[in-house]
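Note: the block below is protein_26.txt and it holds compact mmCIF, C-alpha atoms.
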# COMPACT_ATOMS: atom_id res chain seq x y z
CA MET A 28 23.71 27.73 -15.05
CA SER A 29 23.54 24.39 -16.81
CA LEU A 30 20.79 21.93 -16.04
CA VAL A 31 23.26 19.29 -14.85
CA ARG A 32 24.81 21.75 -12.37
CA ARG A 33 21.38 22.77 -11.03
CA ILE A 34 20.44 19.11 -10.54
CA ARG A 35 23.74 18.40 -8.79
CA ASP A 36 23.44 21.42 -6.51
CA SER A 37 19.78 20.93 -5.58
CA GLY A 38 20.55 18.20 -3.05
CA ARG A 39 18.27 15.43 -1.92
CA ALA A 40 14.53 15.99 -2.44
CA ALA A 41 13.33 13.11 -0.27
CA GLU A 42 12.20 13.60 3.31
CA PRO A 43 14.56 12.21 5.95
CA ALA A 44 13.76 8.67 7.02
CA PRO A 45 11.40 8.52 10.00
CA PRO A 46 12.28 6.19 12.85
CA ALA A 47 11.60 2.50 12.30
CA PRO A 48 7.92 1.65 12.86
CA GLU A 49 6.88 0.06 16.10
CA GLY A 50 5.00 -3.21 16.25
CA GLU A 51 5.63 -6.73 15.20
CA GLN A 52 6.08 -7.85 11.63
CA PRO A 53 3.28 -9.97 10.20
CA PRO A 54 4.47 -13.63 10.21
CA ALA A 55 4.76 -13.95 6.41
CA ALA A 56 6.81 -10.74 6.19
CA ARG A 57 9.93 -12.47 7.50
CA GLU A 58 10.18 -14.42 4.25
CA PHE A 59 10.34 -11.38 1.96
CA GLY A 60 14.00 -10.58 2.62
CA GLY A 61 13.64 -6.83 2.95
CA SER A 62 11.77 -6.01 -0.26
CA VAL A 63 8.24 -6.51 -1.51
CA GLN A 64 6.33 -6.11 -4.73
CA VAL A 65 3.07 -4.22 -4.13
CA ARG A 66 -0.19 -4.44 -6.09
CA CYS A 67 -2.82 -1.77 -5.38
CA VAL A 68 -6.47 -2.79 -5.64
CA ASP A 69 -9.31 -0.24 -5.50
CA THR A 70 -12.50 -2.05 -4.51
CA GLY A 71 -14.81 0.96 -4.52
CA SER A 72 -13.11 3.87 -2.78
CA CYS A 73 -13.48 7.62 -3.29
CA ASN A 74 -9.84 7.67 -4.54
CA GLY A 75 -8.55 9.61 -1.54
CA CYS A 76 -6.45 6.62 -0.42
CA GLU A 77 -5.09 6.13 -3.94
CA ILE A 78 -3.88 9.73 -3.97
CA GLU A 79 -2.05 9.14 -0.69
CA ILE A 80 -0.57 5.84 -1.97
CA ALA A 81 0.68 7.69 -5.05
CA ALA A 82 2.20 10.32 -2.76
CA ALA A 83 3.90 7.58 -0.70
CA PHE A 84 5.68 6.39 -3.85
CA ASN A 85 6.56 9.85 -5.20
CA PRO A 86 10.12 11.26 -4.90
CA VAL A 87 9.36 13.17 -1.68
CA TYR A 88 8.29 10.20 0.48
CA ASP A 89 9.97 7.55 -1.70
CA ALA A 90 8.59 4.24 -0.41
CA GLU A 91 10.95 2.43 -2.76
CA ARG A 92 13.91 3.29 -0.53
CA TYR A 93 12.37 0.93 2.05
CA GLY A 94 12.12 -1.94 -0.40
CA ALA A 95 8.52 -1.53 -1.63
CA ARG A 96 7.91 -1.46 -5.39
CA LEU A 97 4.62 -1.15 -7.30
CA VAL A 98 3.82 -3.87 -9.82
CA ALA A 99 1.00 -4.19 -12.34
CA SER A 100 0.20 -7.88 -11.96
CA PRO A 101 -0.96 -9.80 -8.89
CA ARG A 102 1.15 -12.73 -10.12
CA HIS A 103 4.25 -10.65 -9.34
CA ALA A 104 2.97 -9.20 -6.05
CA ASP A 105 3.84 -10.09 -2.46
CA VAL A 106 1.51 -7.50 -0.91
CA ALA A 107 -1.95 -6.28 -1.92
CA LEU A 108 -2.79 -2.73 -0.79
CA VAL A 109 -6.60 -2.73 -0.84
CA THR A 110 -8.58 0.50 -0.61
CA GLY A 111 -12.27 1.24 -0.24
CA PRO A 112 -15.23 -0.81 0.87
CA VAL A 113 -15.65 -3.93 -1.21
CA THR A 114 -18.55 -3.35 -3.58
CA ARG A 115 -20.65 -6.25 -4.82
CA ASN A 116 -19.05 -5.96 -8.27
CA MET A 117 -15.51 -6.06 -6.83
CA ALA A 118 -15.82 -8.89 -4.30
CA GLU A 119 -15.03 -11.68 -6.76
CA PRO A 120 -12.24 -9.76 -8.57
CA LEU A 121 -10.61 -9.11 -5.17
CA ARG A 122 -10.79 -12.81 -4.28
CA ARG A 123 -9.27 -13.72 -7.64
CA THR A 124 -6.53 -11.10 -7.30
CA VAL A 125 -5.50 -12.40 -3.88
CA ALA A 126 -5.72 -16.00 -5.11
CA ALA A 127 -3.40 -15.15 -8.05
CA MET A 128 -0.68 -13.85 -5.72
CA PRO A 129 2.11 -16.35 -4.97
CA GLU A 130 2.75 -17.51 -1.40
CA PRO A 131 3.73 -15.96 0.95
CA LYS A 132 1.36 -13.05 0.49
CA LEU A 133 -0.03 -10.28 2.63
CA VAL A 134 -3.16 -8.16 2.36
CA VAL A 135 -3.08 -4.63 3.76
CA ALA A 136 -6.39 -2.77 4.21
CA VAL A 137 -5.68 0.93 3.60
CA GLY A 138 -8.11 3.50 4.98
CA ASP A 139 -11.20 3.47 7.15
CA CYS A 140 -13.41 2.32 4.28
CA ALA A 141 -11.31 -0.80 3.74
CA ILE A 142 -11.29 -1.52 7.48
CA ASP A 143 -14.97 -0.97 8.36
CA CYS A 144 -16.65 0.49 5.23
CA GLY A 145 -16.35 4.05 6.63
CA GLU A 146 -18.82 6.46 5.02
CA PHE A 147 -20.15 3.72 2.77
CA ALA A 148 -21.31 1.36 5.56
CA GLY A 149 -24.79 0.03 4.91
CA GLY A 150 -24.83 1.07 1.26
CA TYR A 151 -26.86 -1.19 -1.03
CA GLY A 152 -23.89 -1.82 -3.31
CA VAL A 153 -21.42 -2.61 -0.53
CA GLU A 154 -20.48 -6.23 0.13
CA GLY A 155 -18.51 -5.34 3.26
CA SER A 156 -15.04 -4.51 4.47
CA VAL A 157 -11.93 -6.10 2.98
CA ALA A 158 -11.72 -8.51 5.94
CA ASP A 159 -15.24 -9.73 5.11
CA VAL A 160 -14.02 -10.87 1.68
CA VAL A 161 -10.34 -11.88 2.11
CA PRO A 162 -8.08 -12.36 5.16
CA VAL A 163 -6.35 -9.10 6.15
CA ASP A 164 -2.87 -9.14 7.68
CA LEU A 165 -2.38 -5.44 8.39
CA ALA A 166 -4.62 -2.36 8.56
CA VAL A 167 -3.76 1.31 8.02
CA PRO A 168 -6.49 3.50 9.56
CA GLY A 169 -7.32 7.01 8.42
CA CYS A 170 -9.59 8.84 6.02
CA PRO A 171 -7.35 8.92 4.08
CA PRO A 172 -4.20 7.75 5.85
CA ARG A 173 -1.17 9.98 5.42
CA PRO A 174 1.68 8.78 3.17
CA GLU A 175 3.88 8.39 6.27
CA GLU A 176 1.39 5.91 7.76
CA ILE A 177 1.24 3.88 4.55
CA ILE A 178 5.04 3.80 4.42
CA ALA A 179 5.20 2.77 8.10
CA ALA A 180 2.96 -0.23 7.28
CA LEU A 181 5.15 -1.15 4.31
CA ARG A 182 8.25 -0.80 6.50
CA ARG A 183 6.73 -3.24 8.99
CA VAL A 184 6.32 -5.67 6.10
CA THR A 185 9.84 -5.20 4.71
CA GLY A 186 11.52 -4.96 8.10
CA ARG A 187 13.52 -1.88 6.99

Any chance you could put this one into structure tokens?
Amino acid sequence: MSLVRRIRDSGRAAEPAPPAPEGEQPPAAREFGGSVQVRCVDTGSCNGCEIEIAAAFNPVYDAERYGARLVASPRHADVALVTGPVTRNMAEPLRRTVAAMPEPKLVVAVGDCAIDCGEFAGGYGVEGSVADVVPVDLAVPGCPPRPEEIIAALRRVTGR
């Protein structure tokens, strides 16, 4: 069987779309027009949340079908997905990253560590949670949160 025929016959690999997320859109989200550019920022996590974010954007979960796209520069980003507790060395880079984002912008704290420092609370190298350093518009709890939960947060932002 030819490769093209196998690809054609394999069908869709993505999971079916879950129901639309409940909850109100953050105020700035109404201005994005259904799609957002996303910049991920690791401020000192264990990388569990980054693995789940990568899974959210892989072909199975396919966050891009809801209008979310990863970008490499904060100057092109509408949304910052921030993971981990903010370490002392990452507090200023996080502030600068958020400051470099054009208006309107949203900050999403992903994971328990980003929300309340999780396992790292009280550590000597920890500045605090993401909300202690920059304003947070949306939080995704979990250690780590599942890809579906990350996508649900992005869907609230895009309105799709």

Considering only C-alpha atoms, tabulate each residue of range 84-109 of chain A that lies at most 12 Å from range 115-139 of chain A along with its nearest interatomic pair and the corresponding distance in Å to one decimal; arrange the rows by chain and ascending residue number and present them as a tab-separated table.
residue	atom	partner	partner_atom	distance
A:Val98	CA	A:Met128	CA	11.7
A:Ala99	CA	A:Thr124	CA	11.4
A:Ser100	CA	A:Met128	CA	8.7
A:Pro101	CA	A:Met128	CA	5.2
A:Arg102	CA	A:Met128	CA	4.9
A:His103	CA	A:Met128	CA	6.9
A:Ala104	CA	A:Met128	CA	5.9
A:Asp105	CA	A:Lys132	CA	4.9
A:Val106	CA	A:Leu133	CA	4.8
A:Ala107	CA	A:Val134	CA	4.8
A:Leu108	CA	A:Val135	CA	4.9
A:Val109	CA	A:Ala136	CA	5.1

- Calculate how many Å separate CA of Pro171 in chain A from CA of Asp143 in chain A, rounding to one decimal. 13.2 Å

- As a check of understanding: the span from CA of Arg33 in chain A to CA of Tyr93 in chain A is 27.0 Å

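The list of residues with at least one atom within 9 Å of Glu77 in chain A, based on all atoms listed in the file and without residues fewer than 5 positions apart in the same chain, reads Cys67, Asp69, Ser72, Ala82, Thr110 and Pro171 of chain A.
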
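We find CA of Arg187 in chain A and CA of Glu49 in chain A to be spaced 11.4 Å apart.
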
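With all atoms listed in the file as the basis for measurement, A:Pro172 is the residue among A:Pro53, A:Pro172, A:Pro46, A:Pro112 that approaches Ala81 in chain A most closely.
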
Enumerate, in order of chain and increasing residue number, the residues of range 145-182 of chain A with an atom no farther than 9 Å from range 86-90 of chain A, each with its shortest atom pair and distance in Å to one decimal, counting all atoms listed in the file, as a Markdown table.
| residue | atom | partner | partner_atom | distance |
| --- | --- | --- | --- | --- |
| A:Pro174 | CA | A:Tyr88 | CA | 7.3 |
| A:Glu175 | CA | A:Tyr88 | CA | 7.5 |
| A:Ile177 | CA | A:Ala90 | CA | 8.9 |
| A:Ile178 | CA | A:Ala90 | CA | 6.0 |
| A:Leu181 | CA | A:Ala90 | CA | 7.9 |
| A:Arg182 | CA | A:Ala90 | CA | 8.6 |

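Checking A:Asn74, A:Phe84, A:Leu97, A:Val184 one by one against Ala141 in chain A, counting only C-alpha atoms, you find the shortest gap at A:Asn74.
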
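Across A:Ala166, A:Val160, A:Glu154, A:Ala95, the tightest approach to Gly60 in chain A is made by A:Ala95 when counting all atoms listed in the file.
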